[in-house]
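Undergrad: One file is attached below, coords_14.txt, containing compact mmCIF, C-alpha atoms and all ligand atoms.
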```
# COMPACT_ATOMS: atom_id res chain seq x y z
CA MET L 225 -26.39 17.39 -13.18
CA ILE L 226 -23.37 15.80 -14.84
CA ALA L 227 -20.88 13.30 -13.43
CA ILE L 228 -17.62 12.79 -15.28
CA THR L 229 -16.13 9.34 -14.79
CA ARG L 230 -13.47 7.38 -16.65
CA GLY L 231 -12.92 3.70 -17.30
CA ILE L 232 -10.33 1.60 -15.49
CA SER L 233 -7.02 1.31 -17.31
CA ASP L 234 -5.64 -2.11 -18.28
CA ALA L 235 -2.43 -0.77 -16.69
CA LEU L 236 -4.01 -0.27 -13.23
CA ALA L 237 -1.54 -2.77 -11.74
CA ARG L 238 1.14 -0.08 -12.24
CA CYS L 239 -0.83 2.56 -10.29
CA GLU L 240 0.82 4.99 -7.89
CA LEU L 241 0.92 3.76 -4.29
CA THR L 242 1.98 5.79 -1.26
CA HIS L 243 0.73 4.21 1.96
CA GLN L 244 -0.21 0.72 0.82
CA ASP L 245 1.69 -2.31 -0.41
CA ARG L 246 1.11 -3.47 -3.96
CA VAL L 247 -1.29 -6.42 -4.11
CA PRO L 248 -2.90 -8.02 -7.18
CA ILE L 249 -6.00 -6.20 -8.41
CA ASP L 250 -8.82 -8.10 -10.09
CA LEU L 251 -9.59 -5.80 -13.04
CA GLU L 252 -12.88 -7.45 -13.88
CA ARG L 253 -14.11 -7.11 -10.29
CA ALA L 254 -12.90 -3.51 -10.12
CA ARG L 255 -14.81 -2.73 -13.33
CA LYS L 256 -17.98 -4.36 -12.00
CA GLN L 257 -17.77 -2.31 -8.81
CA HIS L 258 -17.11 0.84 -10.82
CA ALA L 259 -20.23 0.11 -12.90
CA VAL L 260 -22.26 -0.08 -9.68
CA TYR L 261 -20.85 3.32 -8.68
CA GLU L 262 -21.82 4.84 -12.02
CA SER L 263 -25.31 3.31 -11.70
CA ALA L 264 -25.68 4.84 -8.25
CA LEU L 265 -24.86 8.24 -9.72
CA ARG L 266 -27.44 7.72 -12.47
CA GLY L 267 -29.94 6.64 -9.83
CA ALA L 268 -29.35 9.95 -8.08
CA GLY L 269 -30.19 11.87 -11.24
CA TYR L 270 -26.75 12.45 -12.79
CA VAL L 271 -26.01 12.11 -16.48
CA VAL L 272 -22.78 10.10 -16.39
CA LYS L 273 -20.22 11.07 -19.01
CA SER L 274 -17.86 8.13 -18.92
CA LEU L 275 -14.57 8.76 -20.70
CA PRO L 276 -12.64 5.83 -22.14
CA ALA L 277 -9.75 4.48 -20.10
CA SER L 278 -6.22 4.98 -21.34
CA PRO L 279 -3.54 2.26 -21.31
CA GLU L 280 -0.98 5.08 -20.87
CA PHE L 281 -2.42 6.25 -17.56
CA PRO L 282 -2.74 3.53 -14.88
CA ASP L 283 -4.62 5.83 -12.47
CA CYS L 284 -6.96 7.47 -14.98
CA VAL L 285 -10.13 6.17 -13.26
CA PHE L 286 -9.40 8.56 -10.38
CA VAL L 287 -10.71 11.63 -12.22
CA GLU L 288 -11.23 13.70 -9.08
CA ASP L 289 -7.52 14.48 -8.93
CA ALA L 290 -7.48 16.20 -12.33
CA ALA L 291 -9.89 19.09 -11.75
CA ILE L 292 -12.02 20.89 -9.19
CA VAL L 293 -15.35 22.32 -10.27
CA PHE L 294 -16.95 25.36 -8.65
CA ASP L 295 -20.12 27.17 -9.65
CA GLU L 296 -18.10 29.91 -11.31
CA ILE L 297 -15.03 28.16 -12.70
CA ALA L 298 -13.17 24.85 -12.99
CA VAL L 299 -9.54 24.56 -11.96
CA MET L 300 -7.34 22.05 -13.75
CA THR L 301 -4.84 20.75 -11.23
CA ARG L 302 -1.19 19.80 -11.57
CA PRO L 303 -1.03 16.35 -9.95
CA GLY L 304 1.84 15.71 -7.58
CA ALA L 305 2.60 12.35 -9.24
CA LYS L 306 4.25 12.98 -12.63
CA SER L 307 2.75 9.77 -14.04
CA ARG L 308 -0.69 11.34 -13.66
CA ARG L 309 -0.23 14.70 -15.39
CA GLY L 310 -1.19 13.40 -18.84
CA GLU L 311 -4.63 12.45 -17.50
CA LEU L 312 -5.74 16.07 -17.61
CA ASP L 313 -6.19 16.61 -21.36
CA ALA L 314 -9.22 14.35 -21.73
CA ILE L 315 -10.87 15.87 -18.65
CA ALA L 316 -10.21 19.46 -19.72
CA GLU L 317 -11.82 18.80 -23.08
CA VAL L 318 -15.11 17.77 -21.43
CA LEU L 319 -15.05 20.35 -18.65
CA ALA L 320 -14.56 23.19 -21.10
CA GLU L 321 -18.14 22.56 -22.27
CA TYR L 322 -19.42 23.57 -18.84
CA ARG L 323 -17.00 26.02 -17.21
CA ALA L 324 -14.25 28.50 -17.92
CA LEU L 325 -10.99 26.72 -17.07
CA SER L 326 -8.11 27.92 -14.95
CA SER L 327 -4.88 25.94 -14.37
CA ILE L 328 -2.35 25.30 -11.64
CA THR L 329 1.14 25.73 -13.06
CA GLU L 330 4.70 24.79 -12.09
CA PRO L 331 6.05 24.85 -9.37
CA GLY L 332 2.60 24.32 -7.86
CA THR L 333 1.25 20.83 -7.40
CA LEU L 334 -2.33 20.03 -6.46
CA ASP L 335 -4.45 16.88 -6.50
CA GLY L 336 -8.22 17.30 -6.52
CA GLY L 337 -8.39 14.68 -3.75
CA ASP L 338 -6.79 17.25 -1.47
CA VAL L 339 -9.48 19.87 -2.02
CA LEU L 340 -12.37 19.85 0.44
CA VAL L 341 -15.10 22.39 -0.28
CA LEU L 342 -17.53 23.36 2.48
CA GLY L 343 -19.61 26.21 1.11
CA LYS L 344 -17.22 29.11 0.52
CA SER L 345 -14.51 27.54 2.70
CA VAL L 346 -11.97 25.55 0.74
CA TYR L 347 -9.47 23.40 2.64
CA VAL L 348 -6.44 21.97 0.85
CA GLY L 349 -4.42 19.07 2.20
CA LEU L 350 -0.69 19.67 2.35
CA SER L 351 0.03 16.09 1.38
CA THR L 352 2.77 14.35 -0.56
CA ARG L 353 0.83 15.46 -3.67
CA SER L 354 -0.18 19.09 -3.06
CA ASN L 355 2.27 21.82 -2.09
CA ALA L 356 2.03 25.31 -0.60
CA ASN L 357 2.51 26.93 -4.00
CA GLY L 358 -0.45 24.96 -5.34
CA VAL L 359 -2.56 26.18 -2.42
CA ARG L 360 -1.50 29.77 -3.11
CA GLN L 361 -2.39 29.49 -6.78
CA LEU L 362 -5.79 28.03 -5.94
CA GLY L 363 -6.34 30.92 -3.52
CA ALA L 364 -5.43 33.45 -6.22
CA VAL L 365 -8.15 31.98 -8.46
CA LEU L 366 -10.84 31.55 -5.81
CA GLU L 367 -10.42 34.40 -3.36
CA PRO L 368 -11.63 37.06 -5.83
CA LEU L 369 -14.77 34.90 -6.13
CA GLY L 370 -15.41 35.09 -2.39
CA TYR L 371 -13.88 31.80 -1.26
CA VAL L 372 -11.43 31.41 1.63
CA VAL L 373 -8.66 28.91 0.85
CA THR L 374 -6.69 27.32 3.71
CA GLY L 375 -3.90 24.72 3.62
CA VAL L 376 -4.18 21.99 6.28
CA GLU L 377 -1.77 19.25 7.35
CA VAL L 378 -2.86 15.64 7.02
CA ARG L 379 -1.33 12.57 8.68
CA GLY L 380 -0.89 9.03 7.40
CA CYS L 381 -3.17 9.31 4.39
CA LEU L 382 -2.87 10.06 0.71
CA HIS L 383 -5.17 13.06 0.46
CA LEU L 384 -7.21 15.38 2.65
CA LYS L 385 -10.35 13.70 1.35
CA SER L 386 -9.09 10.38 2.75
CA ALA L 387 -9.36 12.14 6.13
CA ALA L 388 -12.50 14.26 5.68
CA THR L 389 -15.31 14.69 3.17
CA ALA L 390 -18.26 17.07 3.13
CA LEU L 391 -21.79 15.89 3.91
CA ASP L 392 -23.15 19.32 3.10
CA GLU L 393 -21.96 22.89 3.57
CA ARG L 394 -21.67 22.67 7.34
CA ARG L 395 -21.04 19.01 8.17
CA ALA L 396 -18.16 16.63 7.43
CA LEU L 397 -17.33 12.98 7.97
CA VAL L 398 -13.81 12.83 9.46
CA ASN L 399 -11.13 10.53 10.77
CA PRO L 400 -9.65 12.59 13.64
CA ALA L 401 -6.47 10.47 13.55
CA MET L 402 -5.65 11.91 10.12
CA ILE L 403 -6.59 15.57 10.56
CA ASP L 404 -6.84 18.07 13.40
CA VAL L 405 -10.60 18.63 13.19
CA ALA L 406 -10.31 22.01 14.96
CA LEU L 407 -8.92 23.28 11.64
CA LEU L 408 -12.35 22.85 10.07
CA ARG L 409 -13.78 25.92 11.70
CA GLY L 410 -17.49 25.99 12.43
CA ILE L 411 -17.99 22.57 10.82
CA GLU L 412 -19.92 19.85 12.63
CA CYS L 413 -17.75 16.73 12.40
CA ILE L 414 -19.09 13.18 12.45
CA GLU L 415 -16.29 10.73 13.21
CA VAL L 416 -15.70 7.41 11.47
CA ASP L 417 -15.91 4.27 13.57
CA PRO L 418 -12.38 3.73 14.99
CA GLU L 419 -12.31 0.23 13.48
CA GLU L 420 -12.86 1.71 10.01
CA PRO L 421 -10.06 4.26 9.55
CA MET L 422 -10.51 4.47 5.77
CA ALA L 423 -14.24 5.22 5.99
CA ALA L 424 -14.11 9.05 5.89
CA ASN L 425 -14.42 9.26 2.13
CA LEU L 426 -17.90 9.55 0.66
CA VAL L 427 -19.72 11.28 -2.16
CA ALA L 428 -22.46 13.63 -1.02
CA LEU L 429 -25.10 14.17 -3.65
CA PRO L 430 -26.26 17.72 -3.10
CA MET L 431 -29.82 17.25 -4.19
CA ALA L 432 -32.75 19.11 -2.81
CA ASP L 433 -33.82 15.98 -0.96
CA GLU L 434 -34.29 15.52 2.74
CA PRO L 435 -32.50 13.59 4.15
CA GLY L 436 -29.37 14.14 2.04
CA THR L 437 -28.05 11.18 0.08
CA VAL L 438 -24.46 9.97 0.27
CA LEU L 439 -22.59 7.19 -1.52
CA HIS L 440 -20.49 5.37 1.07
CA GLY L 441 -18.25 2.31 0.96
CA ALA L 442 -20.02 -0.98 1.64
CA ALA L 443 -16.89 -2.13 3.48
CA TYR L 444 -17.56 0.36 6.29
CA PRO L 445 -20.96 -0.57 7.78
CA ARG L 446 -20.27 0.77 11.28
CA THR L 447 -19.55 4.23 9.95
CA GLY L 448 -22.56 3.84 7.66
CA GLU L 449 -24.71 3.35 10.77
CA ARG L 450 -23.35 6.61 12.16
CA LEU L 451 -24.33 8.40 8.96
CA ILE L 452 -27.82 6.94 9.09
CA GLY L 453 -28.00 8.08 12.72
CA ALA L 454 -27.12 11.59 11.53
CA GLY L 455 -30.18 11.51 9.29
CA LEU L 456 -28.52 10.70 5.98
CA ASN L 457 -29.79 8.39 3.28
CA VAL L 458 -26.80 6.07 2.78
CA VAL L 459 -26.34 4.28 -0.54
CA GLU L 460 -23.72 1.57 -0.01
CA VAL L 461 -21.34 1.08 -2.92
CA PRO L 462 -18.76 -1.73 -3.17
CA ALA L 463 -15.32 -0.26 -3.76
CA ASP L 464 -12.80 -2.56 -2.10
CA GLU L 465 -11.07 -3.57 -5.36
CA LEU L 466 -10.10 -0.01 -6.34
CA ALA L 467 -9.14 0.56 -2.69
CA LYS L 468 -6.13 -1.69 -3.48
CA ALA L 469 -5.00 1.13 -5.79
CA GLU L 470 -5.48 3.59 -2.92
CA GLY L 471 -8.64 4.95 -4.48
CA ALA L 472 -11.86 5.66 -2.62
CA LEU L 473 -15.28 6.83 -3.75
CA SER L 474 -14.95 10.56 -4.31
CA CYS L 475 -11.87 9.92 -6.50
CA CYS L 476 -13.96 8.32 -9.22
CA SER L 477 -16.12 11.25 -10.28
CA ILE L 478 -16.19 14.97 -10.95
CA LEU L 479 -19.66 16.34 -10.29
CA ILE L 480 -21.04 19.35 -12.14
CA HIS L 481 -24.20 21.05 -10.86
C1 LIG L 501 -2.71 7.62 -6.73
O1 LIG L 501 -1.91 7.28 -5.87
O2 LIG L 501 -2.63 8.71 -7.30
C2 LIG L 501 -3.81 6.66 -7.11
N1 LIG L 501 -3.32 5.32 -7.04
C3 LIG L 501 -5.00 6.82 -6.20
C4 LIG L 501 -5.63 8.18 -6.29
C5 LIG L 501 -6.85 8.30 -5.45
N2 LIG L 501 -7.44 9.58 -5.62
C6 LIG L 501 -8.09 10.23 -4.68
O3 LIG L 501 -8.14 9.80 -3.56
N3 LIG L 501 -8.61 11.40 -5.00
```
Represent the supplied structure as structure tokens.
TA:
Amino acid sequence: MIAITRGISDALARCELTHQDRVPIDLERARKQHAVYESALRGAGYVVKSLPASPEFPDCVFVEDAAIVFDEIAVMTRPGAKSRRGELDAIAEVLAEYRALSSITEPGTLDGGDVLVLGKSVYVGLSTRSNANGVRQLGAVLEPLGYVVTGVEVRGCLHLKSAATALDERRALVNPAMIDVALLRGIECIEVDPEEPMAANLVALPMADEPGTVLHGAAYPRTGERLIGAGLNVVEVPADELAKAEGALSCCSILIH
């Protein structure tokens, strides 16, 4: 199992922001927290391929947005924010070692953070970053492989995966204020604690262990309790510094199984 990550750019202060105000980010603290995240991935059995940060790309640590990896293929995205499109080259170079690559092209836009995969069902957030053409192009790649691709509206958040992330193929952690959960057909939804609206983002580590292991933000203990109650092994990871750049946990890795 491989996890692709990337270092934090010295230019992070110039990151894209959509729903949050710009506040100072402590780069050293962000890097320490990111190192804990990478260690947690190693602890779960991943070989972490950490790419060097680029001063040209403030948001380069958020590798999830650049590509989506399936068993059969990897899809290079076309990020909705123009400042982020140059991030893809370094990611494509590594991914090409593991998968055939397909690409989203103009006029489509798609951020990996908008792509929620639950088994063969793929939901794509129609956010400020991903458009209907991007969803159609993703469908054209995946539907011949047996996937069903559906665009879904999100409210008040950057990406679909700010609103919902997969625990496994049939369960998701959701914030029902950000997504109409009825759209996730046949999926058992665990809701975040209402006092922790940003807690729906986690990284599920699809290992053959029982209970399943998830990386979840240390800032959201009430939701963490709900996950433990649902039988999950919760590894708390500190991530509040990168949260100031509107990044969560899933954003910081691309997992290859
Ligand atoms: C952006 O706005 O693009 C970055 N500042 C944050 C991206 C976070 N990515 C993600 O949730 N997948």
Undergrad: In terms of the shortest atom-to-atom distance over all atoms listed in the file, which of L:Phe294, L:Ile452, L:Ala463, L:Gly267 is closest to Ile480 in chain L?
TA: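 Comparing L:Phe294, L:Ile452, L:Ala463, L:Gly267 against Ile480 in chain L, the winner is L:Phe294.
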Undergrad: Residues at most 8 Å from ligand LIG 501 (chain L), using all atoms listed in the file? Could they come as a list in words?
TA: Cys239, Glu240, Leu241, Thr242, Asp283, Phe286, Val287, Glu288, Asp289, Ala305, Arg308, Asp335, Gly336, Gly337, Asp338, Leu382, His383, Lys385, Ser386, Ala469, Glu470, Gly471, Ala472, Leu473, Ser474, Cys475 and Cys476 of chain L
Undergrad: Once you count all atoms listed in the file, which residues end up no further than 10 Å from (-13.4, 19.7, -19.0) in the file's frame, shown as a list in words?
TA: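 Residues close enough to count: Ile228, Ala290, Ala291, Ile292, Val293, Ala298, Val299, Met300, Leu312, Asp313, Ala314, Ile315, Ala316, Glu317, Val318, Leu319, Ala320, Glu321, Tyr322, Arg323, Ala324, Leu325 and Ile478 of chain L.
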Undergrad: Env of range 454-461 of chain L: 7 Å cut, atoms = only C-alpha atoms, seq-sep filter 6 positions within chain, self excluded. Answer as a list in words.
TA: Val260, Tyr261, Pro435, Gly436, Thr437, Val438, Leu439, His440, Gly441, Ala442 and Gly448 of chain L
Undergrad: Let's have the selection written as a PDB file, in the frame of the given file, with C-alpha atoms.
TA:
```pdb
ATOM      1  CA  VAL L 260     -22.260  -0.080  -9.680  1.00  0.00           C
ATOM      2  CA  TYR L 261     -20.850   3.320  -8.680  1.00  0.00           C
ATOM      3  CA  PRO L 435     -32.500  13.590   4.150  1.00  0.00           C
ATOM      4  CA  GLY L 436     -29.370  14.140   2.040  1.00  0.00           C
ATOM      5  CA  THR L 437     -28.050  11.180   0.080  1.00  0.00           C
ATOM      6  CA  VAL L 438     -24.460   9.970   0.270  1.00  0.00           C
ATOM      7  CA  LEU L 439     -22.590   7.190  -1.520  1.00  0.00           C
ATOM      8  CA  HIS L 440     -20.490   5.370   1.070  1.00  0.00           C
ATOM      9  CA  GLY L 441     -18.250   2.310   0.960  1.00  0.00           C
ATOM     10  CA  ALA L 442     -20.020  -0.980   1.640  1.00  0.00           C
ATOM     11  CA  GLY L 448     -22.560   3.840   7.660  1.00  0.00           C
TER      12      GLY L 448
END
```
Undergrad: To one decimal place, how far is CA of Gly349 in chain L from CA of Arg450 in chain L in Å?
TA: 24.8 Å
Undergrad: Let me make sure I understand: among L:Arg395, L:Arg253, L:His258, L:Lys344, which one has the smallest atom-to-atom distance to Glu296 in chain L if we use only C-alpha atoms?
TA: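 Smallest distance to Glu296 in chain L is found for L:Lys344.
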Undergrad: Measure the distance from CA of Val405 in chain L to CA of Ala388 in chain L in Å and round it to one decimal.
TA: 8.9 Å
Undergrad: Just add N, CA and C atoms to range 297-309 of chain L and send it as a CSV table (one decimal), in the frame of the given file.
TA:
```csv
chain,number,residue,atom,x,y,z
L,297,ILE,N,-16.2,28.5,-11.9
L,297,ILE,CA,-15.0,28.2,-12.7
L,297,ILE,C,-14.6,26.7,-12.4
L,298,ALA,N,-13.8,26.1,-13.3
L,298,ALA,CA,-13.2,24.8,-13.0
L,298,ALA,C,-11.7,25.1,-13.0
L,299,VAL,N,-11.0,24.4,-12.1
L,299,VAL,CA,-9.5,24.6,-12.0
L,299,VAL,C,-8.9,23.2,-12.3
L,300,MET,N,-8.1,23.3,-13.4
L,300,MET,CA,-7.3,22.0,-13.8
L,300,MET,C,-6.1,22.0,-12.8
L,301,THR,N,-5.9,20.8,-12.2
L,301,THR,CA,-4.8,20.8,-11.2
L,301,THR,C,-3.5,20.5,-11.9
L,302,ARG,N,-2.5,20.3,-11.1
L,302,ARG,CA,-1.2,19.8,-11.6
L,302,ARG,C,-0.8,18.7,-10.6
L,303,PRO,N,-1.2,17.4,-10.9
L,303,PRO,CA,-1.0,16.4,-10.0
L,303,PRO,C,0.4,16.2,-9.5
L,304,GLY,N,0.5,15.9,-8.2
L,304,GLY,CA,1.8,15.7,-7.6
L,304,GLY,C,2.6,14.5,-8.2
L,305,ALA,N,1.9,13.5,-8.6
L,305,ALA,CA,2.6,12.4,-9.2
L,305,ALA,C,2.8,12.6,-10.7
L,306,LYS,N,4.0,12.6,-11.2
L,306,LYS,CA,4.2,13.0,-12.6
L,306,LYS,C,3.5,12.0,-13.6
L,307,SER,N,3.4,10.8,-13.2
L,307,SER,CA,2.8,9.8,-14.0
L,307,SER,C,1.3,10.1,-14.3
L,308,ARG,N,0.7,11.0,-13.5
L,308,ARG,CA,-0.7,11.3,-13.7
L,308,ARG,C,-1.0,12.6,-14.4
L,309,ARG,N,0.0,13.4,-14.8
L,309,ARG,CA,-0.2,14.7,-15.4
L,309,ARG,C,-0.9,14.6,-16.8
```
